[in-house]
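Comments concern the structure below.
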Amino acid sequence: MYFLKIFSFLTKTLKLNVNLSIFSVYKEPNGPLYTEGIKNRKETIMRKKKRKILRTVLLCLFTVILLALSVFMHFGGFGTGESADPKEFASYAGSIQDISIPKEARIIALGEATHGNVEFQELKLEVFKLLVEKYDVRAFALEGDYGGCEQVNRYIHGGEGTALEAARAIGFKIYYTKEMADLISYMRQYNETAAPGEDLRFYGFDMRRYAYSFQFLTEGCKKAEIDTESLESLMDGENWVAGYSNEDRIRILSQIKAQLEKQENTEQTVHCADMLLQYLNLQGKLDAERDDPVVLDALATLRDKLLAENINWIAAQESRAGHDRIFVTGHNTHVARWESSDSMGKLLADKMGKGYYVIGTDFYKTCCNVPDQASGKRTNQVFYSHDPLANAAKKAGLHICWLDFSKIPSGTPLGELSRDYVYQGNLGEGYIWYMRLLPPSYRLFQPPATLYDSMIFVSEATPIKILEESNTPMQASRY
C-alpha cells in the first residue's frame, strides 16, 4: 500500500496520467478495483474455457466427418449395400459347369465387369472350354486388335514364339498376363490333335491398334500381286509417317481395298484394310475434337457399331467353315443389351433376337489393376459394387457362381430383384481419385435380367499382374 501512495504522489507531482487500476490487485480486499479485477479474470477464464470447448467440439466434428468420408470413399457408401436373400439366391445358383446355352444361340457373349481382374480373365478360358466340349464352338473372339489377334491365331496353328509373346501381340497391356497365355496355350495344344476343320481360331474385333493389321495387309497385297509402294510409304516401322494427313491415309487405303475386292480369296486381307480405315476414321475425329464430351459419346457409339459389324463378319467366316456358333468376350458395357443406347450387344440382339445370348459378370468386392488417368501408372484399387445379387453370393459363401435369370420365376423376391434397377460394378481402363466421391462413376444402375440372359458372380476379385511392358504401340483411348 505504501508503494501505491508514493507512486500516486509522484504522478500527481509530475502530472503523469497513469491508470492505477492496473494495480487493483494490490488494493485491499473488497475494494471496488479489486472486485472489478476479479470479475475480469473470471470472464477471461470463462472465455478461454468456451473457446477450448468449441475447439474440442469442432475437432470431434471434423474427425467424425473425416471418418465418415473415409468409409464412404472406401465402400462407395456407408456399408456394402443391400442384399438379396442368400438362401433363395443359393437355391438358384449353379457352378460354371452348369452353364447351359439355348439351342437358338449363335453368338455367345461373356462380359467382364472390369478389365483388371484375374477371375474375369480365367473365366474366358473356363467358359470357352465348356463351349468347345458341349456346344461345338470353335471360334474365340476377343475385344482386342484384329491384327494382333491374327498373330495369336497364327501362333495357335503352329507359329513360332511363345504363348506370352503371342499375348503381347494383342496390343493391350491387360492381356499380357499369365491367364491370357494359359488360354492361348490351351488353344494351341487343342489344335495339335484337332481333326481337319475342327481347329480352334482366335479373332479380334477391335480396331484401336494398327501395326499388325498393316503388316498383314501389306503381306496380302504382295501375295495378290498388288503394288504396295504407296501403301508402304504410309508407315515407318510401326508408326505412321508424319508427312501424310489422316485423309491421305484413308484415300490410299481405300484405293488398295478397291483393288483387293476385285480379286478372289482376299477377304481376310480386305478385312485388314477395313480395320485400318476404322481406326483412322475414329482417331481422326478423336484428334479433332478430343475435349468435346458430345463428340466422345458419339465416337463411343460409333465404335460399338463397328464392333458389332466386325463380330458379324467373324460369324460369317465361321459359318462358311461349317460352324454356326462363336464365343465373344468383352467388357460388360459392350456385350450388354442396353435399352437406352446402341451398344454392340444391343445391335447384335436387335439383329439376331434369341440368336444372341449374353452372360454378364459382377463382383461383390474387387481389388482391380487399373491405370491412373493422369500418370498412366497402374495401381490396385478396391471397390464395392453394391450389387444385391453379388452381395447375396458373398453371404451364401459362393466364391464364383452362375445365375440363370430364365430359371427364376418373376413372382419370387429374387425374380423381382433381378428385373429391377439395382447397382452393379462397372470399371473401365481408367482411375482418378475423385471417382471415390462419385460411386456412379464405377457402377451401373440397371436391371440385370434386362442386360443379360444370365450372370456369373465373383465374391472377391483379385488384380491381374501384367508381366512386363509391351513393345507394341498401346495408345491411350478415351472412347
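Note on naming: chains are A, B, ... as they come in the C-alpha cells, residues start from 1 per chain, ligands start from 1 in the order shown.
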Need to verify the contact set: stretch 411-426 of chain A, 9 Å, only C-alpha atoms, exclusion of same-chain residues closer than 6 positions in sequence. Can you return it as a PyMOL selection string? chain A and resi 81+84-85+88-89+112-114+331-333+361-366+383-390+405+440-450
Suppose we keep N, CA and C atoms; can you now write the selection as a short mmCIF file (atom, residue, chain, number, x, y, z; two decimals), in the first residue's frame?
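Below is the file selection36.cif, written as the result:
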```
data_model
loop_
_atom_site.label_atom_id
_atom_site.label_comp_id
_atom_site.auth_asym_id
_atom_site.auth_seq_id
_atom_site.Cartn_x
_atom_site.Cartn_y
_atom_site.Cartn_z
N GLY A 81 -24.06 -52.13 -49.19
CA GLY A 81 -25.28 -52.16 -49.99
C GLY A 81 -26.27 -53.22 -49.55
N ALA A 84 -29.82 -59.53 -51.63
CA ALA A 84 -30.91 -60.48 -51.80
C ALA A 84 -30.83 -61.53 -50.70
N ASP A 85 -31.86 -62.31 -50.55
CA ASP A 85 -31.87 -63.38 -49.56
C ASP A 85 -30.83 -64.43 -49.95
N GLU A 88 -32.32 -67.95 -50.73
CA GLU A 88 -33.04 -68.01 -52.00
C GLU A 88 -32.06 -67.96 -53.17
N PHE A 89 -31.06 -67.09 -53.06
CA PHE A 89 -30.06 -66.98 -54.12
C PHE A 89 -29.34 -68.30 -54.33
N GLU A 112 -17.31 -58.78 -68.87
CA GLU A 112 -16.48 -58.66 -67.69
C GLU A 112 -16.72 -57.29 -67.07
N ALA A 113 -16.91 -57.28 -65.75
CA ALA A 113 -17.21 -56.03 -65.05
C ALA A 113 -15.98 -55.13 -64.97
N THR A 114 -14.79 -55.71 -65.07
CA THR A 114 -13.54 -54.95 -65.10
C THR A 114 -12.60 -55.62 -66.09
N HIS A 331 -15.98 -56.20 -72.50
CA HIS A 331 -16.47 -55.55 -71.30
C HIS A 331 -17.99 -55.61 -71.26
N ASN A 332 -18.53 -55.65 -70.04
CA ASN A 332 -19.99 -55.68 -69.87
C ASN A 332 -20.70 -54.59 -70.67
N THR A 333 -20.12 -53.39 -70.69
CA THR A 333 -20.79 -52.27 -71.35
C THR A 333 -20.94 -52.49 -72.85
N THR A 361 -21.12 -60.37 -65.91
CA THR A 361 -20.37 -60.71 -64.69
C THR A 361 -20.42 -59.54 -63.72
N ASP A 362 -20.21 -59.84 -62.46
CA ASP A 362 -20.10 -58.79 -61.45
C ASP A 362 -19.32 -59.31 -60.26
N PHE A 363 -18.96 -58.38 -59.38
CA PHE A 363 -18.19 -58.70 -58.19
C PHE A 363 -18.89 -58.11 -56.97
N TYR A 364 -18.64 -58.72 -55.81
CA TYR A 364 -19.03 -58.09 -54.54
C TYR A 364 -17.96 -57.06 -54.16
N LYS A 365 -16.71 -57.49 -54.23
CA LYS A 365 -15.56 -56.62 -53.94
C LYS A 365 -14.48 -56.92 -54.96
N THR A 366 -13.85 -55.86 -55.45
CA THR A 366 -12.73 -56.05 -56.37
C THR A 366 -11.52 -55.28 -55.90
N PHE A 383 -12.83 -51.59 -54.78
CA PHE A 383 -14.17 -51.06 -54.97
C PHE A 383 -15.20 -52.11 -54.57
N TYR A 384 -16.38 -51.63 -54.18
CA TYR A 384 -17.52 -52.50 -53.89
C TYR A 384 -18.64 -52.16 -54.87
N SER A 385 -19.32 -53.19 -55.36
CA SER A 385 -20.33 -52.97 -56.39
C SER A 385 -21.67 -52.51 -55.85
N HIS A 386 -22.02 -52.90 -54.62
CA HIS A 386 -23.36 -52.68 -54.04
C HIS A 386 -24.43 -53.43 -54.82
N ASP A 387 -24.01 -54.45 -55.55
CA ASP A 387 -24.95 -55.30 -56.28
C ASP A 387 -25.60 -56.26 -55.28
N PRO A 388 -26.94 -56.22 -55.10
CA PRO A 388 -27.58 -57.09 -54.11
C PRO A 388 -27.46 -58.58 -54.45
N LEU A 389 -27.28 -58.90 -55.73
CA LEU A 389 -27.09 -60.30 -56.12
C LEU A 389 -25.68 -60.77 -55.78
N ALA A 390 -24.69 -59.94 -56.09
CA ALA A 390 -23.31 -60.28 -55.73
C ALA A 390 -23.15 -60.32 -54.22
N PHE A 405 -31.21 -66.28 -65.26
CA PHE A 405 -32.42 -65.50 -64.96
C PHE A 405 -33.69 -66.16 -65.49
N PRO A 440 -21.39 -43.53 -58.83
CA PRO A 440 -21.91 -43.85 -60.17
C PRO A 440 -20.83 -43.90 -61.24
N SER A 441 -19.64 -43.35 -60.96
CA SER A 441 -18.55 -43.40 -61.95
C SER A 441 -17.97 -44.80 -62.08
N TYR A 442 -18.24 -45.68 -61.14
CA TYR A 442 -17.77 -47.06 -61.26
C TYR A 442 -18.89 -48.07 -61.00
N ARG A 443 -20.12 -47.64 -61.20
CA ARG A 443 -21.27 -48.54 -61.05
C ARG A 443 -22.28 -48.28 -62.15
N LEU A 444 -23.05 -49.31 -62.47
CA LEU A 444 -24.24 -49.18 -63.31
C LEU A 444 -25.45 -49.18 -62.41
N PHE A 445 -26.56 -48.66 -62.91
CA PHE A 445 -27.84 -48.77 -62.22
C PHE A 445 -28.86 -49.23 -63.25
N GLN A 446 -28.92 -50.55 -63.41
CA GLN A 446 -29.72 -51.16 -64.47
C GLN A 446 -30.32 -52.47 -63.96
N PRO A 447 -31.39 -52.96 -64.61
CA PRO A 447 -31.95 -54.27 -64.25
C PRO A 447 -31.09 -55.40 -64.85
N PRO A 448 -30.49 -56.25 -64.05
CA PRO A 448 -29.59 -57.28 -64.57
C PRO A 448 -30.23 -58.19 -65.62
N ALA A 449 -31.47 -58.62 -65.38
CA ALA A 449 -32.12 -59.56 -66.29
C ALA A 449 -32.48 -58.92 -67.63
N THR A 450 -32.43 -57.59 -67.70
CA THR A 450 -32.64 -56.91 -68.98
C THR A 450 -31.34 -56.85 -69.77
#
```
Contacts of stretch 242-255 of chain A within 7 Å, only C-alpha atoms, excl. fewer than 5 positions in-chain, as a ChimeraX atom specification: /A:231,234,273,277,280,284
Surrounding residues of A:Gln263 excluding itself and chain neighbours under 6 positions, 12 Å, only C-alpha atoms, as a ChimeraX atom specification: /A:220-221,223-226,256-257,269-270
Hey, can you spit out that residue selection with N, CA and C atoms as a PDB file, in the first residue's frame?
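Result file follows (part.pdb):
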```pdb
ATOM      1  N   GLY A 220      -0.693 -59.473 -97.677  1.00  0.00           N
ATOM      2  CA  GLY A 220      -1.783 -59.922 -98.544  1.00  0.00           C
ATOM      3  C   GLY A 220      -1.757 -59.258 -99.903  1.00  0.00           C
ATOM      4  N   CYS A 221      -1.392 -57.978 -99.939  1.00  0.00           N
ATOM      5  CA  CYS A 221      -1.298 -57.266-101.217  1.00  0.00           C
ATOM      6  C   CYS A 221      -0.184 -57.845-102.084  1.00  0.00           C
ATOM      7  N   LYS A 223       0.971 -60.862-101.957  1.00  0.00           N
ATOM      8  CA  LYS A 223       0.523 -62.190-102.399  1.00  0.00           C
ATOM      9  C   LYS A 223      -0.439 -62.068-103.580  1.00  0.00           C
ATOM     10  N   ALA A 224      -1.259 -61.014-103.560  1.00  0.00           N
ATOM     11  CA  ALA A 224      -2.216 -60.786-104.652  1.00  0.00           C
ATOM     12  C   ALA A 224      -1.582 -60.002-105.797  1.00  0.00           C
ATOM     13  N   GLU A 225      -0.274 -59.733-105.720  1.00  0.00           N
ATOM     14  CA  GLU A 225       0.495 -59.023-106.744  1.00  0.00           C
ATOM     15  C   GLU A 225      -0.039 -57.612-106.988  1.00  0.00           C
ATOM     16  N   ILE A 226      -0.396 -56.960-105.896  1.00  0.00           N
ATOM     17  CA  ILE A 226      -0.826 -55.563-105.937  1.00  0.00           C
ATOM     18  C   ILE A 226       0.353 -54.697-105.511  1.00  0.00           C
ATOM     19  N   ILE A 256      -6.364 -49.213-102.185  1.00  0.00           N
ATOM     20  CA  ILE A 256      -5.835 -50.569-102.031  1.00  0.00           C
ATOM     21  C   ILE A 256      -6.973 -51.557-101.807  1.00  0.00           C
ATOM     22  N   LYS A 257      -7.918 -51.188-100.951  1.00  0.00           N
ATOM     23  CA  LYS A 257      -9.064 -52.063-100.673  1.00  0.00           C
ATOM     24  C   LYS A 257      -9.859 -52.340-101.946  1.00  0.00           C
ATOM     25  N   THR A 269      -7.653 -60.203 -96.172  1.00  0.00           N
ATOM     26  CA  THR A 269      -6.799 -59.041 -96.418  1.00  0.00           C
ATOM     27  C   THR A 269      -7.640 -57.772 -96.521  1.00  0.00           C
ATOM     28  N   VAL A 270      -8.805 -57.880 -97.161  1.00  0.00           N
ATOM     29  CA  VAL A 270      -9.723 -56.745 -97.223  1.00  0.00           C
ATOM     30  C   VAL A 270     -10.139 -56.332 -95.818  1.00  0.00           C
TER      31      VAL A 270
END
```
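Going from atom CA of A:Trp338 to atom CA of A:Lys407 covers 21.3 Å.
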Which residues are close to A:Tyr357, i.e. within 8 Å by only C-alpha atoms, leaving aside same-chain residues fewer than 5 positions away? Reply as a list in words. Ile101, Pro102, Ala105, Arg106, Ile107, Ile108, Ala109, Tyr452 and Asp453 of chain A
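Considering only C-alpha atoms, the residue among A:Val458, A:Ala90, A:Ile326, A:Glu468 positioned nearest to A:Glu165 is A:Glu468.
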Can you list, as a PyMOL selection string, every protein, DNA or RNA residue that comes within 12 Å of A:Arg325 when you count only C-alpha atoms, leaving out same-chain residues fewer than 4 positions away? chain A and resi 101-109+128+131-132+134-141+311-312+314-321+355-357
Produce a file of the selected residues containing C-alpha atoms, as a PDB file, in the first residue's frame.
```
ATOM      1  CA  ILE A 101     -26.831 -72.373 -73.729  1.00  0.00           C
ATOM      2  CA  PRO A 102     -30.166 -72.299 -75.639  1.00  0.00           C
ATOM      3  CA  LYS A 103     -30.129 -74.135 -78.941  1.00  0.00           C
ATOM      4  CA  GLU A 104     -31.083 -70.930 -80.793  1.00  0.00           C
ATOM      5  CA  ALA A 105     -27.935 -69.096 -79.658  1.00  0.00           C
ATOM      6  CA  ARG A 106     -25.400 -68.400 -82.398  1.00  0.00           C
ATOM      7  CA  ILE A 107     -23.301 -65.698 -80.757  1.00  0.00           C
ATOM      8  CA  ILE A 108     -22.493 -66.429 -77.100  1.00  0.00           C
ATOM      9  CA  ALA A 109     -21.018 -63.413 -75.324  1.00  0.00           C
ATOM     10  CA  PHE A 128     -14.664 -71.356 -73.712  1.00  0.00           C
ATOM     11  CA  LEU A 131     -18.478 -74.294 -75.187  1.00  0.00           C
ATOM     12  CA  VAL A 132     -15.878 -76.214 -77.182  1.00  0.00           C
ATOM     13  CA  LYS A 134     -20.508 -79.219 -75.321  1.00  0.00           C
ATOM     14  CA  TYR A 135     -21.635 -76.738 -77.966  1.00  0.00           C
ATOM     15  CA  ASP A 136     -19.328 -77.188 -80.966  1.00  0.00           C
ATOM     16  CA  VAL A 137     -17.860 -73.686 -80.658  1.00  0.00           C
ATOM     17  CA  ARG A 138     -14.532 -73.309 -82.444  1.00  0.00           C
ATOM     18  CA  ALA A 139     -14.051 -69.527 -82.584  1.00  0.00           C
ATOM     19  CA  PHE A 140     -12.833 -67.290 -79.786  1.00  0.00           C
ATOM     20  CA  ALA A 141     -13.350 -63.545 -80.407  1.00  0.00           C
ATOM     21  CA  ILE A 311     -18.451 -59.687 -84.956  1.00  0.00           C
ATOM     22  CA  ASN A 312     -20.959 -60.287 -87.744  1.00  0.00           C
ATOM     23  CA  ILE A 314     -16.404 -63.231 -87.813  1.00  0.00           C
ATOM     24  CA  ALA A 315     -19.691 -65.131 -87.536  1.00  0.00           C
ATOM     25  CA  ALA A 316     -19.946 -65.224 -91.343  1.00  0.00           C
ATOM     26  CA  GLN A 317     -16.384 -66.562 -91.616  1.00  0.00           C
ATOM     27  CA  GLU A 318     -17.171 -69.339 -89.166  1.00  0.00           C
ATOM     28  CA  SER A 319     -20.454 -70.192 -90.841  1.00  0.00           C
ATOM     29  CA  ARG A 320     -18.643 -70.715 -94.150  1.00  0.00           C
ATOM     30  CA  ALA A 321     -16.260 -73.030 -92.294  1.00  0.00           C
ATOM     31  CA  GLY A 355     -29.557 -65.915 -81.534  1.00  0.00           C
ATOM     32  CA  TYR A 356     -27.606 -63.612 -79.249  1.00  0.00           C
ATOM     33  CA  TYR A 357     -27.013 -64.987 -75.749  1.00  0.00           C
TER      34      TYR A 357
END
```
Enumerate as a ChimeraX atom specification all residues of stretch 197-445 of chain A assigned to helix (DSSP H, G or I) by DSSP on the backbone, naming them with the chain letters and numbers the document uses. /A:211-223,229-232,246-261,267-288,293-320,332-335,344-355,388-395,405-407,413-418,433-437,439-442
For A:Tyr190, please output as an MDAnalysis selection string all residues within 12 Å (counting only C-alpha atoms; exclusion window: fewer than 2 positions along the same chain). chainID A and resid 129 132:133 138 156:158 183:188 192:195 198:201
Any idea what the distance is between atom CA of A:Gly204 and atom CA of A:Lys285? 22.6 Å
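Our summary of the geometry notes that atom CA of A:Tyr431 is positioned 18.2 Å from atom CA of A:Gly77.
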From A:Gly428, A:Pro371, A:Pro409, A:Pro463, residue lying nearest A:Tyr92 [only C-alpha atoms]: A:Pro409
Give me the residues near stretch 301-308 of chain A as a PyMOL selection string, where near means some atom within 12 Å (using only C-alpha atoms) and where sequence neighbours in that chain fewer than 6 positions away do not count. chain A and resi 107+109+141-146+204-208+274-275+277-283+285-286+294-295+314-315+328-331+333-338+340-352+356+477-479
Could you take the residues named above and write them with C-alpha atoms, as a PDB file, in the first residue's frame?
```pdb
ATOM      1  CA  ILE A 107     -23.301 -65.698 -80.757  1.00  0.00           C
ATOM      2  CA  ALA A 109     -21.018 -63.413 -75.324  1.00  0.00           C
ATOM      3  CA  ALA A 141     -13.350 -63.545 -80.407  1.00  0.00           C
ATOM      4  CA  LEU A 142     -11.712 -61.026 -78.095  1.00  0.00           C
ATOM      5  CA  GLU A 143     -12.155 -57.290 -77.524  1.00  0.00           C
ATOM      6  CA  GLY A 144      -8.660 -56.820 -78.878  1.00  0.00           C
ATOM      7  CA  ASP A 145      -6.828 -55.668 -82.004  1.00  0.00           C
ATOM      8  CA  TYR A 146      -7.803 -57.682 -85.091  1.00  0.00           C
ATOM      9  CA  GLY A 204     -10.073 -59.839 -82.521  1.00  0.00           C
ATOM     10  CA  PHE A 205     -12.955 -57.466 -83.192  1.00  0.00           C
ATOM     11  CA  ASP A 206     -11.463 -54.123 -82.085  1.00  0.00           C
ATOM     12  CA  MET A 207      -9.762 -51.550 -84.278  1.00  0.00           C
ATOM     13  CA  ARG A 208      -7.762 -49.351 -81.890  1.00  0.00           C
ATOM     14  CA  ASP A 274     -11.235 -52.248 -93.074  1.00  0.00           C
ATOM     15  CA  MET A 275      -9.662 -52.358 -89.613  1.00  0.00           C
ATOM     16  CA  LEU A 277      -9.909 -47.492 -92.090  1.00  0.00           C
ATOM     17  CA  GLN A 278     -11.999 -47.896 -88.949  1.00  0.00           C
ATOM     18  CA  TYR A 279      -9.023 -46.873 -86.832  1.00  0.00           C
ATOM     19  CA  LEU A 280      -8.283 -43.794 -88.944  1.00  0.00           C
ATOM     20  CA  ASN A 281     -11.915 -42.678 -89.001  1.00  0.00           C
ATOM     21  CA  LEU A 282     -12.188 -42.906 -85.228  1.00  0.00           C
ATOM     22  CA  GLN A 283      -8.755 -41.499 -84.483  1.00  0.00           C
ATOM     23  CA  LYS A 285     -12.384 -37.497 -85.200  1.00  0.00           C
ATOM     24  CA  LEU A 286     -10.854 -38.003 -81.767  1.00  0.00           C
ATOM     25  CA  VAL A 294     -20.561 -34.865 -77.058  1.00  0.00           C
ATOM     26  CA  VAL A 295     -18.092 -35.988 -79.717  1.00  0.00           C
ATOM     27  CA  ILE A 314     -16.404 -63.231 -87.813  1.00  0.00           C
ATOM     28  CA  ALA A 315     -19.691 -65.131 -87.536  1.00  0.00           C
ATOM     29  CA  VAL A 328     -17.269 -63.406 -77.882  1.00  0.00           C
ATOM     30  CA  THR A 329     -15.667 -61.755 -74.844  1.00  0.00           C
ATOM     31  CA  GLY A 330     -15.585 -58.079 -73.962  1.00  0.00           C
ATOM     32  CA  HIS A 331     -16.472 -55.548 -71.299  1.00  0.00           C
ATOM     33  CA  THR A 333     -20.795 -52.269 -71.346  1.00  0.00           C
ATOM     34  CA  HIS A 334     -20.205 -53.635 -74.865  1.00  0.00           C
ATOM     35  CA  VAL A 335     -21.898 -57.037 -74.638  1.00  0.00           C
ATOM     36  CA  ALA A 336     -24.960 -55.930 -72.631  1.00  0.00           C
ATOM     37  CA  ARG A 337     -28.359 -55.473 -74.270  1.00  0.00           C
ATOM     38  CA  TRP A 338     -28.839 -51.841 -73.306  1.00  0.00           C
ATOM     39  CA  SER A 340     -31.018 -46.707 -73.642  1.00  0.00           C
ATOM     40  CA  SER A 341     -28.040 -46.825 -76.025  1.00  0.00           C
ATOM     41  CA  ASP A 342     -26.920 -48.625 -79.163  1.00  0.00           C
ATOM     42  CA  SER A 343     -24.270 -50.839 -77.599  1.00  0.00           C
ATOM     43  CA  MET A 344     -22.631 -53.630 -79.523  1.00  0.00           C
ATOM     44  CA  GLY A 345     -24.775 -56.131 -77.632  1.00  0.00           C
ATOM     45  CA  LYS A 346     -28.000 -54.272 -78.316  1.00  0.00           C
ATOM     46  CA  LEU A 347     -27.232 -54.061 -82.041  1.00  0.00           C
ATOM     47  CA  LEU A 348     -26.473 -57.788 -82.180  1.00  0.00           C
ATOM     48  CA  ALA A 349     -29.578 -58.645 -80.159  1.00  0.00           C
ATOM     49  CA  ASP A 350     -31.771 -56.452 -82.380  1.00  0.00           C
ATOM     50  CA  LYS A 351     -30.490 -58.266 -85.440  1.00  0.00           C
ATOM     51  CA  MET A 352     -30.391 -61.830 -84.074  1.00  0.00           C
ATOM     52  CA  TYR A 356     -27.606 -63.612 -79.249  1.00  0.00           C
ATOM     53  CA  SER A 477      -8.015 -44.127 -75.728  1.00  0.00           C
ATOM     54  CA  ARG A 478     -10.879 -42.182 -74.278  1.00  0.00           C
ATOM     55  CA  TYR A 479     -13.672 -43.582 -76.431  1.00  0.00           C
TER      56      TYR A 479
END
```
